[in-house]
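> Take this structure first; my questions come after.
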Amino acid sequence: MIKNICFTPYSYMLSNPMNKILIVVLVLITISCTSSKENYKYPFIANQEITETYHGITISDPYRNIENTKDSIVSNWMKNQSILANKILDSLNGRDSLIKTQKSFNQNSLFRIYGIKKTNDGKYFYLKKEKQLNVAYIAYRDSLRGKEHFLFNPSDNAITKGYNINYIKPNWKGDRIAVSLVKGGDEIGIIVILDVKSRSIDNTIIQNTDPVSFYGVNWLPDDSGFIYVYIPHTNPNSPDYWLETKSVLYSLGTNPDIRNVILEAGTDKNLILSKEDFPAISIYHQEDIYAYAKVGGSSRFKDTYYKRVEDLADTSVLWKPLFKKKHKVRRFIPAKNNLYFLTALNNSNYQLAKTNIHQPDFEEYQVIAEPMNNQSITDYELTKDGVFYVVERNGVEATLYFTDGITTRIINMPTKSGKITISSLGAKFSDLWIVSSGWLNNPITYKYSIKENKFDQLNLNKPIDYSDFNDLEVLEFEIPSHDGVMLPVSIVKQKYVELNSKNPVLLYGYGSYGTSLKPFFNSLFLTWVTKGGLLVIPHVRGGGEKGDKWYKDGTKTNKSNTWKDLIATTEYLIDEKYTNPSKIAVWGTSAGGIMAGKAITTRPELYATAIFISPAMNMLRSEIQPNGLNSIKEFGTVKKEDEFKALFNMDSYHSIKKGVKYPSVYVYAGAKDGRVVVWDPAKFVARLQASTTSEKPILFNVDFESGHGGSVSSANSIYKLFANTLSFALWQTGHPDYQLKE
């Protein structure tokens, strides 16, 4: 049994002469390592309290000093926290078996194919990761069942060796590919250009790019070049990170360091850009005569403009307004003389509509389809034959429809679908690709022929044996939340498990940016279920499960609905005797940290433990973080009194009170995270360790080589990350096979 793990790092204080006079006093204080707990003695860090006044309210911030991550005191404290966390996690029975379980799911698969891109002439380009290789390579087929051709492995080239490919975009002809690569845990990397015929790249290296986060790469219709977003500030710990981004037109064969900036703040009087906005330009089809510019960022709806493709490089030709945020257009597709779009302007659950592309009107438009009852339209695609669209109920039951403008009918899928996404090559082609998934089934991709009403399953990947999950079932229902609003809840369980007060429960939610937790297949979470637990997903407000109003009711001054929905779900599970507080774990990732953090600090007696991955915990300081100005659009600003009060209310760090018995907590963060900077959860951990009286572990694990949520980590690192979180939750909810080794 691990006991009395203690760090007494007095040496760090000697590096600062101002601290020397405190040593005698601190020796007396830190003999017990600043903790009264017998089992968990945490690394010590002195707090340096800062007080600030907002709108007449004085706020104390006791660990503001942790925000200086360049300070060796802070970095050493985080390293020592990680040492402690890893020592404890390494000593958990069953943890290593979970790593082996995760690996075993892929043992029978010699390779994995992903990132598939299709071209108009029927080619399939994709990334392929073989089990014995450290990185993925690019391959392609001339047709769905054609012979595979190897194209490019970054390890074989001096320029790209040490990089990983995270995105590819072939041009319209399919003879060149823009390839995005990153190193280590970095999110920002480079783009190189691959010649398909010669299978080689030239010396062109486009720096400071992140097409995964910034709207991809958009090839010009004549394939003479492409548009990408350039990121001038690349340090994820800098306050300028992700600010002042620019849309750049790169022409093949030119010097990429001489950037042809076609859109940035100040270049167009019609298009107002702030430094935090992302100027993204899209070209949807090769025959498009217009390009479209979005004032991007975290806002669900965006001001959008258009301009002829032939005028892109001419900054004297101004962008024309297409629609504004107020029109609530979520997605649009141009086709011939029409522009199709989803809008929540007159229906919170979205209408599918169209307008004339040359004289667009987003207030008086033609409605193509409208949802009924508790449903939302979530996706659509144009084909030569008509329009396909997806309707979802509560974000968990999906149905595919087709309309030719005269009749509308349901397309019956081969299997029941919790989630459906569709894609096509545009209105000139009949091809439609459908991805169907659910809580219990891996995504299945079909190519659909409407003429034959035939589904052709794409089997580029060999099926993985998930027989461990054969005895699971899903329950979908609604419960009244704190204010009587009906809240959708999904539960995954073993068929034979009795719903009683003894079941371990893992609550997973998010509730921000309008992101719906649609049915997804995750072997980690399902492994929890095979251990006798219940996986419970409350579809809290702030997500998009019930349309735009459901999203808005969980933002800014309405944000408390997000964690109150979670608490209502927890109380329901206890009242209905599904479980009891000693068996309940809650999981929050990124902005989901607001939901989970506020739940355990508001009602700590309801939870046994909490898992946080790259969590947002210190919302009062969110807007001063990298990309913080974009967070204002979603959560608010301290400059406005009502939004300041909302931010303070949603701040888990400031919700911690001394002398409270808090549940156990495991927090994971990436030092290279530019979305939720590492000091945010670090402050939460320091304050919680110093305040809780529960004698339950508060562990903090920092990965100094990864970014947001463990992004760009190796497969083994991801296996370990999830095994750590799952074994910690099993340990803290009392599973006998996941206790500390004697």
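Residue numbering restarts at 1 in every chain; chains get A, B, ... in the order shown in the structure tokens, and ligands count up from 1 in that same order.
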Extract, using only C-alpha atoms, all DNA, RNA and protein residues at most 9 Å from Pro697 in chain A, discarding same-chain residues fewer than 6 positions from it, and format them as an MDAnalysis selection string.

chainID A and resid 39:40 663:666 689

> Counting only C-alpha atoms, give me one row per residue of range 311-387 of chain A with an atom at most 12 Å from an atom of range 440-453 of chain A, showing the shortest contact pair and its distance in Å to one decimal, sorted by chain then residue number, as a Markdown table.


```
| residue | atom | partner | partner_atom | distance |
| --- | --- | --- | --- | --- |
| A:Thr383 | CA | A:Ile450 | CA | 10.1 |
| A:Lys384 | CA | A:Ile450 | CA | 10.4 |
| A:Asp385 | CA | A:Ile450 | CA | 8.0 |
| A:Gly386 | CA | A:Ile450 | CA | 9.8 |
| A:Val387 | CA | A:Ile450 | CA | 11.3 |
```

> Under the rule that only C-alpha atoms are counted, which of A:Pro626, A:Lys123, A:Ile281, A:Asn65 is the nearest residue to Gly146 in chain A?

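Closest residue, counting only C-alpha atoms: A:Lys123.
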
> When you count only C-alpha atoms, which of these residues is closest to Asp379 in chain A: A:Gly185, A:Pro681, A:Gly593, A:Gly395?

A:Gly395

> Measuring atom to atom with only C-alpha atoms, identify which of A:Leu647, A:Ile45, A:Ala136, A:Ala398 is nearest to Trp77 in chain A.

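Nearest candidate to Trp77 in chain A out of A:Leu647, A:Ile45, A:Ala136, A:Ala398: A:Ile45.
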
> Excluding range 718-722 of chain A and residues on its chain fewer than 6 positions from it, collect all residues at most 12 Å away from it, counting only C-alpha atoms, and give them as a PDB file with N, CA, C and O atoms, in the first residue's frame.


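Okay, this is what ended up in selection08.pdb:
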```
ATOM      1  N   ALA A  85       1.147  11.339  -8.806  1.00  0.00           N
ATOM      2  CA  ALA A  85      -0.006  10.718  -9.463  1.00  0.00           C
ATOM      3  C   ALA A  85       0.378   9.402 -10.118  1.00  0.00           C
ATOM      4  O   ALA A  85      -0.331   8.390  -9.978  1.00  0.00           O
ATOM      5  N   ASN A  86       1.499   9.399 -10.826  1.00  0.00           N
ATOM      6  CA  ASN A  86       1.912   8.185 -11.527  1.00  0.00           C
ATOM      7  C   ASN A  86       2.303   7.070 -10.568  1.00  0.00           C
ATOM      8  O   ASN A  86       2.059   5.888 -10.841  1.00  0.00           O
ATOM      9  N   LEU A  89      -1.054   5.668  -9.410  1.00  0.00           N
ATOM     10  CA  LEU A  89      -1.751   4.961 -10.489  1.00  0.00           C
ATOM     11  C   LEU A  89      -1.019   3.689 -10.890  1.00  0.00           C
ATOM     12  O   LEU A  89      -1.657   2.666 -11.210  1.00  0.00           O
ATOM     13  N   ASP A  90       0.298   3.729 -10.880  1.00  0.00           N
ATOM     14  CA  ASP A  90       1.076   2.535 -11.208  1.00  0.00           C
ATOM     15  C   ASP A  90       0.872   1.426 -10.185  1.00  0.00           C
ATOM     16  O   ASP A  90       1.162   0.259 -10.464  1.00  0.00           O
ATOM     17  N   ARG A  95      -4.875  -1.814 -13.352  1.00  0.00           N
ATOM     18  CA  ARG A  95      -4.605  -0.745 -14.304  1.00  0.00           C
ATOM     19  C   ARG A  95      -3.914  -1.284 -15.553  1.00  0.00           C
ATOM     20  O   ARG A  95      -4.304  -0.984 -16.690  1.00  0.00           O
ATOM     21  N   ASP A  96      -2.866  -2.098 -15.359  1.00  0.00           N
ATOM     22  CA  ASP A  96      -2.128  -2.626 -16.508  1.00  0.00           C
ATOM     23  C   ASP A  96      -2.991  -3.553 -17.359  1.00  0.00           C
ATOM     24  O   ASP A  96      -2.828  -3.624 -18.582  1.00  0.00           O
ATOM     25  N   SER A  97      -3.914  -4.238 -16.709  1.00  0.00           N
ATOM     26  CA  SER A  97      -4.798  -5.122 -17.486  1.00  0.00           C
ATOM     27  C   SER A  97      -5.718  -4.311 -18.389  1.00  0.00           C
ATOM     28  O   SER A  97      -6.104  -4.761 -19.470  1.00  0.00           O
ATOM     29  N   LEU A  98      -6.064  -3.096 -17.958  1.00  0.00           N
ATOM     30  CA  LEU A  98      -6.888  -2.236 -18.804  1.00  0.00           C
ATOM     31  C   LEU A  98      -6.121  -1.776 -20.031  1.00  0.00           C
ATOM     32  O   LEU A  98      -6.687  -1.654 -21.119  1.00  0.00           O
ATOM     33  N   ILE A  99      -4.826  -1.506 -19.862  1.00  0.00           N
ATOM     34  CA  ILE A  99      -3.999  -1.153 -21.015  1.00  0.00           C
ATOM     35  C   ILE A  99      -3.964  -2.314 -21.996  1.00  0.00           C
ATOM     36  O   ILE A  99      -4.117  -2.134 -23.210  1.00  0.00           O
ATOM     37  N   LYS A 100      -3.786  -3.513 -21.476  1.00  0.00           N
ATOM     38  CA  LYS A 100      -3.753  -4.698 -22.337  1.00  0.00           C
ATOM     39  C   LYS A 100      -5.101  -4.899 -23.035  1.00  0.00           C
ATOM     40  O   LYS A 100      -5.150  -5.300 -24.203  1.00  0.00           O
ATOM     41  N   THR A 101      -6.192  -4.617 -22.305  1.00  0.00           N
ATOM     42  CA  THR A 101      -7.524  -4.757 -22.903  1.00  0.00           C
ATOM     43  C   THR A 101      -7.699  -3.813 -24.075  1.00  0.00           C
ATOM     44  O   THR A 101      -8.190  -4.204 -25.145  1.00  0.00           O
ATOM     45  N   GLN A 102      -7.278  -2.547 -23.882  1.00  0.00           N
ATOM     46  CA  GLN A 102      -7.398  -1.572 -24.964  1.00  0.00           C
ATOM     47  C   GLN A 102      -6.562  -1.993 -26.175  1.00  0.00           C
ATOM     48  O   GLN A 102      -7.001  -1.877 -27.316  1.00  0.00           O
ATOM     49  N   LYS A 103      -5.358  -2.478 -25.908  1.00  0.00           N
ATOM     50  CA  LYS A 103      -4.498  -2.926 -27.011  1.00  0.00           C
ATOM     51  C   LYS A 103      -5.088  -4.132 -27.719  1.00  0.00           C
ATOM     52  O   LYS A 103      -4.986  -4.272 -28.942  1.00  0.00           O
ATOM     53  N   SER A 104      -5.717  -5.005 -26.943  1.00  0.00           N
ATOM     54  CA  SER A 104      -6.225  -6.256 -27.525  1.00  0.00           C
ATOM     55  C   SER A 104      -7.307  -6.014 -28.553  1.00  0.00           C
ATOM     56  O   SER A 104      -7.482  -6.809 -29.481  1.00  0.00           O
ATOM     57  N   PHE A 105      -8.053  -4.928 -28.407  1.00  0.00           N
ATOM     58  CA  PHE A 105      -9.116  -4.645 -29.368  1.00  0.00           C
ATOM     59  C   PHE A 105      -8.539  -4.438 -30.771  1.00  0.00           C
ATOM     60  O   PHE A 105      -9.234  -4.610 -31.767  1.00  0.00           O
ATOM     61  N   ASN A 106      -7.289  -4.016 -30.838  1.00  0.00           N
ATOM     62  CA  ASN A 106      -6.661  -3.764 -32.135  1.00  0.00           C
ATOM     63  C   ASN A 106      -5.663  -4.851 -32.543  1.00  0.00           C
ATOM     64  O   ASN A 106      -5.028  -4.734 -33.584  1.00  0.00           O
ATOM     65  N   GLY A 185       3.532  16.633 -29.390  1.00  0.00           N
ATOM     66  CA  GLY A 185       2.211  17.034 -28.950  1.00  0.00           C
ATOM     67  C   GLY A 185       1.771  18.364 -29.505  1.00  0.00           C
ATOM     68  O   GLY A 185       0.776  18.933 -29.049  1.00  0.00           O
ATOM     69  N   ASN A 522     -17.187   3.869 -27.992  1.00  0.00           N
ATOM     70  CA  ASN A 522     -15.924   4.079 -27.309  1.00  0.00           C
ATOM     71  C   ASN A 522     -15.620   2.860 -26.452  1.00  0.00           C
ATOM     72  O   ASN A 522     -16.331   2.577 -25.481  1.00  0.00           O
ATOM     73  N   SER A 523     -14.568   2.136 -26.829  1.00  0.00           N
ATOM     74  CA  SER A 523     -14.256   0.878 -26.134  1.00  0.00           C
ATOM     75  C   SER A 523     -13.880   1.106 -24.680  1.00  0.00           C
ATOM     76  O   SER A 523     -14.099   0.242 -23.831  1.00  0.00           O
ATOM     77  N   LEU A 524     -13.305   2.273 -24.353  1.00  0.00           N
ATOM     78  CA  LEU A 524     -12.962   2.564 -22.960  1.00  0.00           C
ATOM     79  C   LEU A 524     -14.221   2.631 -22.109  1.00  0.00           C
ATOM     80  O   LEU A 524     -14.337   1.947 -21.083  1.00  0.00           O
ATOM     81  N   PHE A 525     -15.170   3.468 -22.521  1.00  0.00           N
ATOM     82  CA  PHE A 525     -16.384   3.609 -21.737  1.00  0.00           C
ATOM     83  C   PHE A 525     -17.155   2.293 -21.664  1.00  0.00           C
ATOM     84  O   PHE A 525     -17.753   1.969 -20.639  1.00  0.00           O
ATOM     85  N   THR A 527     -15.853  -0.624 -21.713  1.00  0.00           N
ATOM     86  CA  THR A 527     -15.136  -1.495 -20.777  1.00  0.00           C
ATOM     87  C   THR A 527     -15.622  -1.238 -19.354  1.00  0.00           C
ATOM     88  O   THR A 527     -15.742  -2.161 -18.545  1.00  0.00           O
ATOM     89  N   TRP A 528     -15.886   0.025 -19.027  1.00  0.00           N
ATOM     90  CA  TRP A 528     -16.487   0.348 -17.728  1.00  0.00           C
ATOM     91  C   TRP A 528     -17.782  -0.444 -17.530  1.00  0.00           C
ATOM     92  O   TRP A 528     -18.044  -0.992 -16.446  1.00  0.00           O
ATOM     93  N   TRP A 587     -17.307  12.639 -15.247  1.00  0.00           N
ATOM     94  CA  TRP A 587     -16.183  12.892 -16.155  1.00  0.00           C
ATOM     95  C   TRP A 587     -16.464  14.155 -16.958  1.00  0.00           C
ATOM     96  O   TRP A 587     -17.494  14.272 -17.609  1.00  0.00           O
ATOM     97  N   ILE A 611     -13.368  12.835 -12.781  1.00  0.00           N
ATOM     98  CA  ILE A 611     -12.266  12.763 -13.741  1.00  0.00           C
ATOM     99  C   ILE A 611     -12.310  14.024 -14.592  1.00  0.00           C
ATOM    100  O   ILE A 611     -13.357  14.404 -15.113  1.00  0.00           O
ATOM    101  N   PHE A 612     -11.157  14.673 -14.746  1.00  0.00           N
ATOM    102  CA  PHE A 612     -11.085  15.875 -15.568  1.00  0.00           C
ATOM    103  C   PHE A 612      -9.938  15.738 -16.568  1.00  0.00           C
ATOM    104  O   PHE A 612      -8.801  15.482 -16.169  1.00  0.00           O
ATOM    105  N   ILE A 613     -10.234  15.912 -17.851  1.00  0.00           N
ATOM    106  CA  ILE A 613      -9.225  15.880 -18.903  1.00  0.00           C
ATOM    107  C   ILE A 613      -9.166  17.264 -19.554  1.00  0.00           C
ATOM    108  O   ILE A 613     -10.152  17.737 -20.120  1.00  0.00           O
ATOM    109  N   SER A 614      -8.010  17.931 -19.427  1.00  0.00           N
ATOM    110  CA  SER A 614      -7.833  19.291 -19.967  1.00  0.00           C
ATOM    111  C   SER A 614      -9.027  20.178 -19.642  1.00  0.00           C
ATOM    112  O   SER A 614      -9.607  20.821 -20.525  1.00  0.00           O
ATOM    113  N   TYR A 666      -9.185  13.162 -10.199  1.00  0.00           N
ATOM    114  CA  TYR A 666      -8.018  12.938 -11.048  1.00  0.00           C
ATOM    115  C   TYR A 666      -8.079  13.935 -12.194  1.00  0.00           C
ATOM    116  O   TYR A 666      -9.072  13.994 -12.928  1.00  0.00           O
ATOM    117  N   VAL A 667      -7.019  14.744 -12.338  1.00  0.00           N
ATOM    118  CA  VAL A 667      -6.955  15.763 -13.374  1.00  0.00           C
ATOM    119  C   VAL A 667      -5.766  15.485 -14.281  1.00  0.00           C
ATOM    120  O   VAL A 667      -4.640  15.280 -13.792  1.00  0.00           O
ATOM    121  N   TYR A 668      -6.012  15.468 -15.578  1.00  0.00           N
ATOM    122  CA  TYR A 668      -4.962  15.304 -16.588  1.00  0.00           C
ATOM    123  C   TYR A 668      -4.922  16.568 -17.437  1.00  0.00           C
ATOM    124  O   TYR A 668      -5.966  17.094 -17.848  1.00  0.00           O
ATOM    125  N   ALA A 669      -3.702  17.068 -17.712  1.00  0.00           N
ATOM    126  CA  ALA A 669      -3.551  18.264 -18.543  1.00  0.00           C
ATOM    127  C   ALA A 669      -2.321  18.133 -19.423  1.00  0.00           C
ATOM    128  O   ALA A 669      -1.360  17.433 -19.063  1.00  0.00           O
ATOM    129  N   GLY A 670      -2.339  18.806 -20.570  1.00  0.00           N
ATOM    130  CA  GLY A 670      -1.203  18.827 -21.485  1.00  0.00           C
ATOM    131  C   GLY A 670      -0.487  20.166 -21.395  1.00  0.00           C
ATOM    132  O   GLY A 670      -1.119  21.224 -21.484  1.00  0.00           O
ATOM    133  N   ASN A 701      -1.946  15.104 -13.078  1.00  0.00           N
ATOM    134  CA  ASN A 701      -0.977  14.495 -13.982  1.00  0.00           C
ATOM    135  C   ASN A 701      -0.795  15.398 -15.197  1.00  0.00           C
ATOM    136  O   ASN A 701      -1.750  15.640 -15.944  1.00  0.00           O
ATOM    137  N   VAL A 702       0.410  15.927 -15.389  1.00  0.00           N
ATOM    138  CA  VAL A 702       0.705  16.802 -16.518  1.00  0.00           C
ATOM    139  C   VAL A 702       1.562  16.054 -17.525  1.00  0.00           C
ATOM    140  O   VAL A 702       2.621  15.527 -17.174  1.00  0.00           O
ATOM    141  N   ASP A 703       1.102  15.994 -18.753  1.00  0.00           N
ATOM    142  CA  ASP A 703       1.898  15.438 -19.853  1.00  0.00           C
ATOM    143  C   ASP A 703       2.595  16.611 -20.536  1.00  0.00           C
ATOM    144  O   ASP A 703       1.948  17.438 -21.180  1.00  0.00           O
ATOM    145  N   SER A 706       2.229  16.776 -24.609  1.00  0.00           N
ATOM    146  CA  SER A 706       0.957  16.686 -25.331  1.00  0.00           C
ATOM    147  C   SER A 706       0.195  17.993 -25.246  1.00  0.00           C
ATOM    148  O   SER A 706       0.504  18.882 -24.442  1.00  0.00           O
ATOM    149  N   GLY A 709      -6.313  17.556 -24.392  1.00  0.00           N
ATOM    150  CA  GLY A 709      -6.905  16.233 -24.286  1.00  0.00           C
ATOM    151  C   GLY A 709      -5.989  15.116 -24.709  1.00  0.00           C
ATOM    152  O   GLY A 709      -6.441  14.052 -25.128  1.00  0.00           O
ATOM    153  N   GLY A 710      -4.667  15.330 -24.595  1.00  0.00           N
ATOM    154  CA  GLY A 710      -3.710  14.311 -25.021  1.00  0.00           C
ATOM    155  C   GLY A 710      -3.525  14.259 -26.515  1.00  0.00           C
ATOM    156  O   GLY A 710      -3.065  13.250 -27.049  1.00  0.00           O
ATOM    157  N   SER A 711      -3.876  15.361 -27.215  1.00  0.00           N
ATOM    158  CA  SER A 711      -3.806  15.367 -28.673  1.00  0.00           C
ATOM    159  C   SER A 711      -2.405  15.083 -29.169  1.00  0.00           C
ATOM    160  O   SER A 711      -1.412  15.504 -28.591  1.00  0.00           O
ATOM    161  N   VAL A 712      -2.336  14.355 -30.270  1.00  0.00           N
ATOM    162  CA  VAL A 712      -1.119  13.982 -30.993  1.00  0.00           C
ATOM    163  C   VAL A 712      -0.209  13.091 -30.149  1.00  0.00           C
ATOM    164  O   VAL A 712       0.961  12.936 -30.453  1.00  0.00           O
ATOM    165  N   PHE A 728      -8.723   4.641 -11.993  1.00  0.00           N
ATOM    166  CA  PHE A 728      -8.934   5.548 -10.861  1.00  0.00           C
ATOM    167  C   PHE A 728     -10.408   5.586 -10.476  1.00  0.00           C
ATOM    168  O   PHE A 728     -10.767   5.517  -9.292  1.00  0.00           O
ATOM    169  N   ALA A 729     -11.287   5.689 -11.474  1.00  0.00           N
ATOM    170  CA  ALA A 729     -12.724   5.734 -11.198  1.00  0.00           C
ATOM    171  C   ALA A 729     -13.216   4.419 -10.594  1.00  0.00           C
ATOM    172  O   ALA A 729     -14.041   4.416  -9.661  1.00  0.00           O
TER     173      ALA A 729
END
```

> Would you please work out which residue, of A:Ile698, A:Leu425, A:Val192, A:Leu730, is nearest to Val529 in chain A when using only C-alpha atoms?

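Residue with the minimum atom-to-atom distance to Val529 in chain A: A:Leu730.
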
> Using DSSP on the backbone coordinates, identify all residues within range 47-177 of chain A classified as alpha helix (DSSP H); present the result as a PyMOL selection string.

chain A and resi 72-90+95-104
